[in-house]
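Here's target_34.csv, which has CSV, C-alpha atoms:
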```
chain,number,residue,atom,x,y,z
U,196,MET,CA,4.9,15.8,3.0
U,197,SER,CA,4.1,14.6,6.4
U,198,PHE,CA,1.7,11.9,7.3
U,199,ASN,CA,-1.0,11.6,9.9
U,200,LEU,CA,-4.1,9.3,10.3
U,201,GLU,CA,-7.5,10.1,11.6
U,202,LYS,CA,-9.7,7.2,12.8
U,203,LYS,CA,-13.4,7.2,13.4
U,204,TYR,CA,-16.1,4.6,13.8
U,205,ASP,CA,-19.1,5.0,11.5
U,206,GLU,CA,-22.2,3.7,13.4
U,207,VAL,CA,-24.3,3.6,10.2
U,208,ARG,CA,-21.9,1.6,8.1
U,209,LYS,CA,-20.7,-0.5,11.1
U,210,ALA,CA,-17.1,0.1,9.9
U,211,TRP,CA,-13.9,1.9,11.0
U,212,VAL,CA,-13.1,4.8,8.7
U,213,LEU,CA,-9.4,5.7,8.3
U,214,VAL,CA,-8.5,9.1,6.8
U,215,PRO,CA,-4.8,9.2,6.0
U,216,LYS,CA,-3.4,12.6,5.2
U,217,GLY,CA,-0.3,13.3,3.2
U,218,ASP,CA,2.0,10.6,1.9
U,219,ILE,CA,2.1,6.9,2.7
U,220,ASP,CA,5.6,6.0,1.6
U,221,ILE,CA,8.5,3.9,2.8
U,222,TYR,CA,9.1,6.3,5.7
U,223,SER,CA,5.5,6.5,7.0
U,224,ALA,CA,4.3,3.0,6.0
U,225,PRO,CA,5.4,1.4,9.3
U,226,GLU,CA,3.2,3.8,11.3
U,227,PHE,CA,0.3,3.2,8.9
U,228,LYS,CA,0.8,-0.6,9.2
U,229,LYS,CA,0.8,-0.4,13.0
U,230,GLU,CA,-2.5,1.5,13.0
U,231,LEU,CA,-4.2,-0.6,10.3
U,232,ILE,CA,-3.2,-4.0,11.5
U,233,GLY,CA,-3.8,-3.0,15.2
U,234,LEU,CA,-7.3,-2.0,14.3
U,235,ILE,CA,-8.0,-5.2,12.4
U,236,ASP,CA,-6.7,-7.3,15.2
U,237,MET,CA,-8.7,-5.5,17.9
U,238,GLU,CA,-12.0,-4.9,16.1
U,239,ASN,CA,-14.0,-7.4,14.0
U,240,LYS,CA,-15.3,-4.8,11.6
U,241,ASP,CA,-15.0,-3.7,8.0
U,242,VAL,CA,-12.4,-0.9,7.3
U,243,VAL,CA,-12.9,2.1,5.0
U,244,ILE,CA,-9.9,4.0,3.8
U,245,ASP,CA,-11.0,7.5,2.9
U,246,GLY,CA,-8.4,8.8,0.4
U,247,THR,CA,-9.7,12.4,0.3
U,248,ASN,CA,-6.5,13.8,1.8
U,249,LEU,CA,-4.1,11.1,0.6
U,250,GLU,CA,-1.6,12.7,-1.8
U,251,TYR,CA,0.7,9.8,-2.6
U,252,ILE,CA,1.1,6.1,-1.9
U,253,ASP,CA,4.0,4.0,-2.9
U,254,SER,CA,4.5,0.2,-3.2
U,255,THR,CA,5.3,0.0,0.5
U,256,GLY,CA,2.0,1.6,1.4
U,257,LEU,CA,0.2,-0.7,-1.1
U,258,GLY,CA,2.0,-3.5,0.7
U,259,VAL,CA,0.5,-2.4,4.0
U,260,LEU,CA,-3.0,-2.5,2.4
U,261,ILE,CA,-2.3,-6.0,1.1
U,262,SER,CA,-1.2,-7.1,4.6
U,263,GLY,CA,-4.4,-5.6,6.0
U,264,LEU,CA,-6.5,-7.3,3.3
U,265,LYS,CA,-5.0,-10.7,4.1
U,266,LYS,CA,-5.6,-10.1,7.8
U,267,ILE,CA,-9.1,-8.8,7.5
U,268,ARG,CA,-10.2,-11.7,5.3
U,269,GLU,CA,-9.4,-14.0,8.3
U,270,HIS,CA,-12.4,-12.3,10.0
U,271,GLU,CA,-14.4,-12.4,6.8
U,272,ASN,CA,-14.5,-8.6,6.6
U,273,ILE,CA,-13.5,-6.2,3.8
U,274,ILE,CA,-11.4,-3.1,3.2
U,275,MET,CA,-13.1,-0.5,1.1
U,276,ILE,CA,-11.1,2.3,-0.5
U,277,GLU,CA,-12.9,5.5,-1.3
U,278,ASN,CA,-12.3,9.0,-2.8
U,279,ILE,CA,-8.8,8.3,-4.0
U,280,LYS,CA,-7.1,10.8,-6.4
U,281,PRO,CA,-6.4,9.8,-10.0
U,282,ASN,CA,-2.7,9.5,-9.5
U,283,ILE,CA,-3.3,6.9,-6.7
U,284,ASN,CA,-6.0,5.1,-8.7
U,285,LYS,CA,-3.5,4.7,-11.5
U,286,LEU,CA,-1.2,2.7,-9.1
U,287,PHE,CA,-4.1,0.4,-8.2
U,288,ASP,CA,-4.8,-0.2,-11.9
U,289,ILE,CA,-1.1,-0.8,-12.7
U,290,THR,CA,-0.7,-3.3,-9.9
U,291,GLY,CA,-4.0,-5.1,-10.4
U,292,LEU,CA,-5.0,-4.3,-6.9
U,293,ASN,CA,-8.2,-2.6,-8.2
U,294,LYS,CA,-9.4,-6.1,-8.7
U,295,VAL,CA,-8.8,-7.3,-5.1
U,296,PHE,CA,-9.9,-4.2,-3.2
U,297,VAL,CA,-13.4,-2.7,-3.2
U,298,ILE,CA,-12.7,0.8,-4.6
U,299,LYS,CA,-15.4,3.4,-4.9
Z,14,MET,CA,25.5,15.3,-26.2
Z,15,SER,CA,24.1,14.3,-22.8
Z,16,GLU,CA,24.3,16.2,-19.6
Z,17,CYS,CA,24.5,14.5,-16.2
Z,18,ILE,CA,23.0,15.4,-12.9
Z,19,SER,CA,23.9,13.3,-9.8
Z,20,LEU,CA,22.4,12.9,-6.4
Z,21,LYS,CA,23.7,10.7,-3.6
Z,22,ILE,CA,21.5,9.9,-0.6
Z,23,PRO,CA,21.9,7.6,2.4
Z,24,SER,CA,20.0,4.4,2.0
Z,25,ARG,CA,17.4,5.3,4.5
Z,26,PRO,CA,13.6,5.7,4.1
Z,27,GLU,CA,13.6,9.4,5.2
Z,28,TYR,CA,15.7,10.4,2.2
Z,29,VAL,CA,13.5,8.8,-0.6
Z,30,SER,CA,11.2,11.8,-0.7
Z,31,LEU,CA,14.2,14.0,-1.4
Z,32,ALA,CA,15.0,11.8,-4.4
Z,33,ARG,CA,11.4,12.1,-5.5
Z,34,LEU,CA,11.3,15.9,-5.3
Z,35,ASN,CA,14.7,16.2,-7.0
Z,36,SER,CA,13.4,14.0,-9.9
Z,37,SER,CA,10.5,16.3,-10.3
Z,38,ALA,CA,12.8,19.3,-10.8
Z,39,VAL,CA,15.0,17.4,-13.2
Z,40,ALA,CA,12.1,16.0,-15.3
Z,41,ASN,CA,10.5,19.5,-15.4
Z,42,SER,CA,13.7,21.0,-16.7
Z,43,VAL,CA,13.9,18.4,-19.5
Z,44,GLY,CA,10.4,19.3,-20.7
Z,45,PHE,CA,8.2,16.4,-19.7
Z,46,ASP,CA,4.5,17.1,-19.1
Z,47,PHE,CA,2.8,16.8,-15.8
Z,48,GLU,CA,1.8,13.1,-16.1
Z,49,GLU,CA,5.3,12.1,-17.3
Z,50,ILE,CA,6.9,14.0,-14.4
Z,51,ASP,CA,4.6,12.2,-12.0
Z,52,ASP,CA,5.6,8.8,-13.6
Z,53,ILE,CA,9.3,9.7,-13.2
Z,54,LYS,CA,8.9,10.7,-9.5
Z,55,ILE,CA,7.1,7.5,-8.8
Z,56,ALA,CA,9.7,5.4,-10.6
Z,57,VAL,CA,12.6,7.0,-8.9
Z,58,ALA,CA,11.0,6.5,-5.5
Z,59,GLU,CA,10.2,2.9,-6.2
Z,60,ALA,CA,13.8,2.2,-7.4
Z,61,CYS,CA,15.1,3.6,-4.1
Z,62,ASN,CA,12.5,1.6,-2.2
Z,63,SER,CA,13.6,-1.5,-4.0
Z,64,ILE,CA,17.3,-0.9,-3.2
Z,65,ILE,CA,16.6,-0.1,0.5
Z,66,ASP,CA,14.5,-3.3,0.7
Z,67,GLY,CA,17.3,-5.2,-1.1
Z,68,LEU,CA,20.0,-3.9,1.3
Z,69,ASP,CA,17.9,-5.3,4.2
Z,70,GLY,CA,19.2,-2.9,6.8
Z,71,ILE,CA,22.8,-2.5,5.5
Z,72,GLU,CA,23.8,1.1,5.6
Z,73,ASP,CA,25.0,2.3,2.2
Z,74,SER,CA,24.3,5.1,-0.1
Z,75,ILE,CA,22.1,5.3,-3.2
Z,76,ASN,CA,23.5,7.0,-6.3
Z,77,ILE,CA,21.0,8.6,-8.7
Z,78,GLU,CA,22.3,9.8,-12.0
Z,79,TYR,CA,20.1,11.6,-14.5
Z,80,LEU,CA,21.4,11.6,-18.1
Z,81,ILE,CA,19.6,14.2,-20.1
Z,82,GLU,CA,19.6,13.8,-23.8
Z,83,ASP,CA,17.4,15.3,-26.5
Z,84,MET,CA,13.8,14.1,-25.9
Z,85,LYS,CA,14.8,11.5,-23.3
Z,86,LEU,CA,16.0,11.0,-19.8
Z,87,ASP,CA,18.0,8.0,-18.5
Z,88,ILE,CA,18.0,7.5,-14.8
Z,89,ILE,CA,20.5,5.1,-13.2
Z,90,ILE,CA,19.9,4.3,-9.6
Z,91,THR,CA,22.6,2.1,-7.9
Z,92,THR,CA,24.2,1.0,-4.7
Z,93,ASN,CA,27.6,-0.7,-4.1
Z,94,HIS,CA,26.2,-3.8,-2.4
Z,95,PRO,CA,24.8,-6.6,-4.5
Z,96,ILE,CA,21.0,-6.7,-4.3
Z,97,ASP,CA,18.4,-9.0,-5.9
Z,98,CYS,CA,16.5,-7.6,-8.9
Z,99,HIS,CA,13.6,-9.5,-10.3
Z,100,LEU,CA,11.2,-7.8,-12.6
Z,101,LYS,CA,8.4,-10.2,-12.0
Z,102,GLU,CA,7.6,-12.7,-9.2
Z,103,GLY,CA,4.7,-15.1,-9.5
Z,104,ASP,CA,1.2,-14.7,-10.8
Z,105,ASP,CA,-0.6,-13.8,-7.6
Z,106,VAL,CA,-1.3,-10.1,-7.5
Z,107,LEU,CA,-0.9,-10.1,-3.8
Z,108,ASP,CA,2.6,-11.5,-3.9
Z,109,GLN,CA,4.2,-9.5,-6.7
Z,110,ASN,CA,7.2,-7.3,-6.5
Z,111,LEU,CA,5.2,-4.1,-6.7
Z,112,SER,CA,8.1,-1.7,-7.0
Z,113,LEU,CA,9.4,-3.3,-10.1
Z,114,LEU,CA,6.0,-3.9,-11.6
Z,115,ILE,CA,5.2,-0.2,-11.2
Z,116,ILE,CA,8.5,0.9,-12.7
Z,117,GLU,CA,8.2,-1.5,-15.6
Z,118,THR,CA,4.7,-0.2,-16.4
Z,119,ILE,CA,5.3,3.6,-16.2
Z,120,MET,CA,8.8,3.8,-17.7
Z,121,ASP,CA,9.7,3.2,-21.4
Z,122,GLU,CA,12.7,1.0,-20.7
Z,123,VAL,CA,13.9,-0.8,-17.5
Z,124,GLU,CA,17.1,-2.8,-17.0
Z,125,CYS,CA,18.5,-4.4,-13.8
Z,126,LEU,CA,22.2,-3.8,-13.2
Z,127,LYS,CA,24.1,-6.5,-11.6
Z,128,ASP,CA,27.8,-6.1,-12.5
Z,129,GLU,CA,30.1,-3.6,-10.9
Z,130,VAL,CA,27.1,-1.9,-9.1
Z,131,SER,CA,23.6,-3.1,-8.4
Z,132,GLY,CA,20.5,-1.2,-9.3
Z,133,ILE,CA,18.1,-0.2,-12.0
Z,134,LYS,CA,18.5,1.8,-15.2
Z,135,MET,CA,15.4,3.3,-16.6
Z,136,THR,CA,14.5,5.5,-19.5
Z,137,LYS,CA,11.6,7.9,-20.2
Z,138,ARG,CA,11.1,9.5,-23.5
Z,139,ILE,CA,9.1,12.7,-24.0
Z,140,GLY,CA,5.7,12.2,-25.5
Z,141,VAL,CA,5.8,8.4,-25.5
Z,142,ASP,CA,3.2,6.4,-23.6
Z,143,ALA,CA,4.9,3.7,-21.5
```
Will you turn the file into structure tokens for me?
Amino acid sequence: MSFNLEKKYDEVRKAWVLVPKGDIDIYSAPEFKKELIGLIDMENKDVVIDGTNLEYIDSTGLGVLISGLKKIREHENIIMIENIKPNINKLFDITGLNKVFVIK
Amino acid sequence: MSECISLKIPSRPEYVSLARLNSSAVANSVGFDFEEIDDIKIAVAEACNSIIDGLDGIEDSINIEYLIEDMKLDIIITTNHPIDCHLKEGDDVLDQNLSLLIIETIMDEVECLKDEVSGIKMTKRIGVDA
């Protein structure tokens, strides 16, 4: 499964919305990290990860989200994760990351 | 009597998805249900991730052996180079070894191999919640 990432700014929520499509795994995670960290560094805004089209994420992808969380906390902003599928939600539960990210 | 299926992949990120897909086919043939197959796919991918991370850029191969027995599947994932294998690191959720934490949670048995080869042996039983 390939990976691509759509980015859009939500004027109402004053947040960047990232819509990853496909798999965030050890192969695609570096690209996702470049986009996420680059956005956090350039824009002092909250970030929403819309998981509607995300099929799979592995520990490497979760690691990117953790890096992003550490970075965005420096700006006192948050990462919200929305619309993730049950198989992905299970990984957030297993790792305890459901307690550190805002998941809707 | 057990049957063995083997897969050998280069220790590069682009091949991990191949191991994941292959695991799905093997687990399906053994008779695991949908959720168990998903667990096995995830665990195999995480073991490969852990080995690639442990190799830290060293080019090697990853050997994946599936030992099929009645009602259970052993999966042995190894490399020839010595790699570190810690099942748990620290208490902070943001600094944990996520690969091994995930494997430990979704598989029924997990063992780090450190003798002749390095890697992880894990077991999944049909119809047993991890």
Exercise answer, chain Z residues close to chain U, 9 Å and only C-alpha atoms, as a PyMOL selection string: chain Z and resi 25-30+48+51+55+58-59+62+106-112+114-115+118-119
Best match for closeness to Ile139 in chain Z among Z:Thr91, Z:Ser42, Z:Ser63, Z:Ser74, counting only C-alpha atoms: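 Smallest distance to Ile139 in chain Z is found for Z:Ser42.
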Residues within 9 Å of (-9.6, 8.0, 3.2), file coords, only C-alpha atoms, listed as a ChimeraX atom specification: /U:201,212-216,243-249,276-279
Take the selection from the previous step and output its residues with C-alpha atoms, as a PDB file, keeping the file's coordinate frame.
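Output below, filename result03.pdb:
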```pdb
ATOM      1  CA  GLU U 201      -7.500  10.100  11.600  1.00  0.00           C
ATOM      2  CA  VAL U 212     -13.100   4.800   8.700  1.00  0.00           C
ATOM      3  CA  LEU U 213      -9.400   5.700   8.300  1.00  0.00           C
ATOM      4  CA  VAL U 214      -8.500   9.100   6.800  1.00  0.00           C
ATOM      5  CA  PRO U 215      -4.800   9.200   6.000  1.00  0.00           C
ATOM      6  CA  LYS U 216      -3.400  12.600   5.200  1.00  0.00           C
ATOM      7  CA  VAL U 243     -12.900   2.100   5.000  1.00  0.00           C
ATOM      8  CA  ILE U 244      -9.900   4.000   3.800  1.00  0.00           C
ATOM      9  CA  ASP U 245     -11.000   7.500   2.900  1.00  0.00           C
ATOM     10  CA  GLY U 246      -8.400   8.800   0.400  1.00  0.00           C
ATOM     11  CA  THR U 247      -9.700  12.400   0.300  1.00  0.00           C
ATOM     12  CA  ASN U 248      -6.500  13.800   1.800  1.00  0.00           C
ATOM     13  CA  LEU U 249      -4.100  11.100   0.600  1.00  0.00           C
ATOM     14  CA  ILE U 276     -11.100   2.300  -0.500  1.00  0.00           C
ATOM     15  CA  GLU U 277     -12.900   5.500  -1.300  1.00  0.00           C
ATOM     16  CA  ASN U 278     -12.300   9.000  -2.800  1.00  0.00           C
ATOM     17  CA  ILE U 279      -8.800   8.300  -4.000  1.00  0.00           C
TER      18      ILE U 279
END
```
Å distance separating CA of Lys229 in chain U from CA of Gly217 in chain U, one decimal place: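 For CA of Lys229 in chain U relative to CA of Gly217 in chain U, the distance reads 16.9 Å.
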Within 12 Å of Glu238 in chain U, counting all atoms listed in the file, which residues show up once you throw out same-chain ones fewer than 2 positions away? Write them as a PDB file with C-alpha atoms, in the coordinates of the input, please.
```
ATOM      1  CA  TYR U 204     -16.100   4.600  13.800  1.00  0.00           C
ATOM      2  CA  LYS U 209     -20.700  -0.500  11.100  1.00  0.00           C
ATOM      3  CA  ALA U 210     -17.100   0.100   9.900  1.00  0.00           C
ATOM      4  CA  TRP U 211     -13.900   1.900  11.000  1.00  0.00           C
ATOM      5  CA  GLU U 230      -2.500   1.500  13.000  1.00  0.00           C
ATOM      6  CA  LEU U 231      -4.200  -0.600  10.300  1.00  0.00           C
ATOM      7  CA  ILE U 232      -3.200  -4.000  11.500  1.00  0.00           C
ATOM      8  CA  GLY U 233      -3.800  -3.000  15.200  1.00  0.00           C
ATOM      9  CA  LEU U 234      -7.300  -2.000  14.300  1.00  0.00           C
ATOM     10  CA  ILE U 235      -8.000  -5.200  12.400  1.00  0.00           C
ATOM     11  CA  ASP U 236      -6.700  -7.300  15.200  1.00  0.00           C
ATOM     12  CA  LYS U 240     -15.300  -4.800  11.600  1.00  0.00           C
ATOM     13  CA  ASP U 241     -15.000  -3.700   8.000  1.00  0.00           C
ATOM     14  CA  VAL U 242     -12.400  -0.900   7.300  1.00  0.00           C
ATOM     15  CA  LYS U 266      -5.600 -10.100   7.800  1.00  0.00           C
ATOM     16  CA  ILE U 267      -9.100  -8.800   7.500  1.00  0.00           C
ATOM     17  CA  HIS U 270     -12.400 -12.300  10.000  1.00  0.00           C
ATOM     18  CA  ASN U 272     -14.500  -8.600   6.600  1.00  0.00           C
TER      19      ASN U 272
END
```
Residue nearest Asp121 in chain Z among Z:Asp66, Z:Asp87, Z:Glu72, Z:Asp97 (counting all atoms listed in the file):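 Comparing Z:Asp66, Z:Asp87, Z:Glu72, Z:Asp97 against Asp121 in chain Z, the winner is Z:Asp87.
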Minimum-distance residue to Val57 in chain Z, chosen among Z:Ser36, Z:Asn93, Z:Asn41, Z:Ser15 (using only C-alpha atoms): Z:Ser36
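With CA of Pro95 in chain Z on one side and CA of Ser131 in chain Z on the other, the separation reads 5.4 Å.
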Between CA of Met237 in chain U and CA of Ile298 in chain U, distance in Å (one decimal):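 Interatomic distance here is 23.7 Å.
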Residue among Z:Ser19, Z:Asn35, Z:Thr92, Z:Ser24 lying closest to Lys127 in chain Z, counting only C-alpha atoms: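 Answer, going by the shortest atom-to-atom distance: Z:Thr92.
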Nearest residue to Asp52 in chain Z from the set U:Leu200, U:Met275, U:Val297, U:Ile283 (distances using all atoms listed in the file): U:Ile283
Take range 113-132 of chain Z, bring it up to N, CA and C atoms, and give me the output as a compact mmCIF listing (two decimals), in the frame of the given file.
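Saved result, part_15.txt, follows:
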```txt
# COMPACT_ATOMS: atom_id res chain seq x y z
N LEU Z 113 8.95 -3.06 -8.76
CA LEU Z 113 9.40 -3.30 -10.10
C LEU Z 113 8.30 -3.36 -11.13
N LEU Z 114 7.17 -3.88 -10.68
CA LEU Z 114 6.00 -3.90 -11.60
C LEU Z 114 5.59 -2.49 -11.95
N ILE Z 115 5.58 -1.59 -10.97
CA ILE Z 115 5.20 -0.20 -11.20
C ILE Z 115 6.21 0.48 -12.16
N ILE Z 116 7.50 0.28 -11.86
CA ILE Z 116 8.50 0.90 -12.70
C ILE Z 116 8.43 0.42 -14.13
N GLU Z 117 8.28 -0.88 -14.27
CA GLU Z 117 8.20 -1.50 -15.60
C GLU Z 117 7.03 -0.93 -16.41
N THR Z 118 5.95 -0.63 -15.71
CA THR Z 118 4.70 -0.20 -16.40
C THR Z 118 4.82 1.29 -16.81
N ILE Z 119 5.42 2.12 -15.97
CA ILE Z 119 5.30 3.60 -16.20
C ILE Z 119 6.56 4.13 -16.97
N MET Z 120 7.65 3.35 -17.01
CA MET Z 120 8.80 3.80 -17.70
C MET Z 120 8.90 3.12 -19.10
N ASP Z 121 9.64 3.73 -20.03
CA ASP Z 121 9.70 3.20 -21.40
C ASP Z 121 10.67 1.99 -21.48
N GLU Z 122 11.76 2.07 -20.74
CA GLU Z 122 12.70 1.00 -20.70
C GLU Z 122 13.23 0.78 -19.29
N VAL Z 123 13.41 -0.48 -18.89
CA VAL Z 123 13.90 -0.80 -17.50
C VAL Z 123 14.92 -1.91 -17.64
N GLU Z 124 16.04 -1.74 -16.94
CA GLU Z 124 17.10 -2.80 -17.00
C GLU Z 124 17.66 -2.92 -15.57
N CYS Z 125 17.82 -4.17 -15.14
CA CYS Z 125 18.50 -4.40 -13.80
C CYS Z 125 19.97 -4.46 -14.03
N LEU Z 126 20.70 -3.78 -13.17
CA LEU Z 126 22.20 -3.80 -13.20
C LEU Z 126 22.72 -4.67 -12.17
N LYS Z 127 23.65 -5.54 -12.57
CA LYS Z 127 24.10 -6.50 -11.60
C LYS Z 127 25.65 -6.70 -11.64
N ASP Z 128 26.36 -5.88 -12.40
CA ASP Z 128 27.80 -6.10 -12.50
C ASP Z 128 28.61 -5.38 -11.48
N GLU Z 129 29.25 -4.27 -11.84
CA GLU Z 129 30.10 -3.60 -10.90
C GLU Z 129 29.26 -2.94 -9.74
N VAL Z 130 28.07 -2.47 -10.10
CA VAL Z 130 27.10 -1.90 -9.10
C VAL Z 130 25.79 -2.60 -9.31
N SER Z 131 24.94 -2.55 -8.27
CA SER Z 131 23.60 -3.10 -8.40
C SER Z 131 22.58 -2.01 -8.48
N GLY Z 132 21.54 -2.25 -9.22
CA GLY Z 132 20.50 -1.20 -9.30
C GLY Z 132 19.64 -1.35 -10.51
```
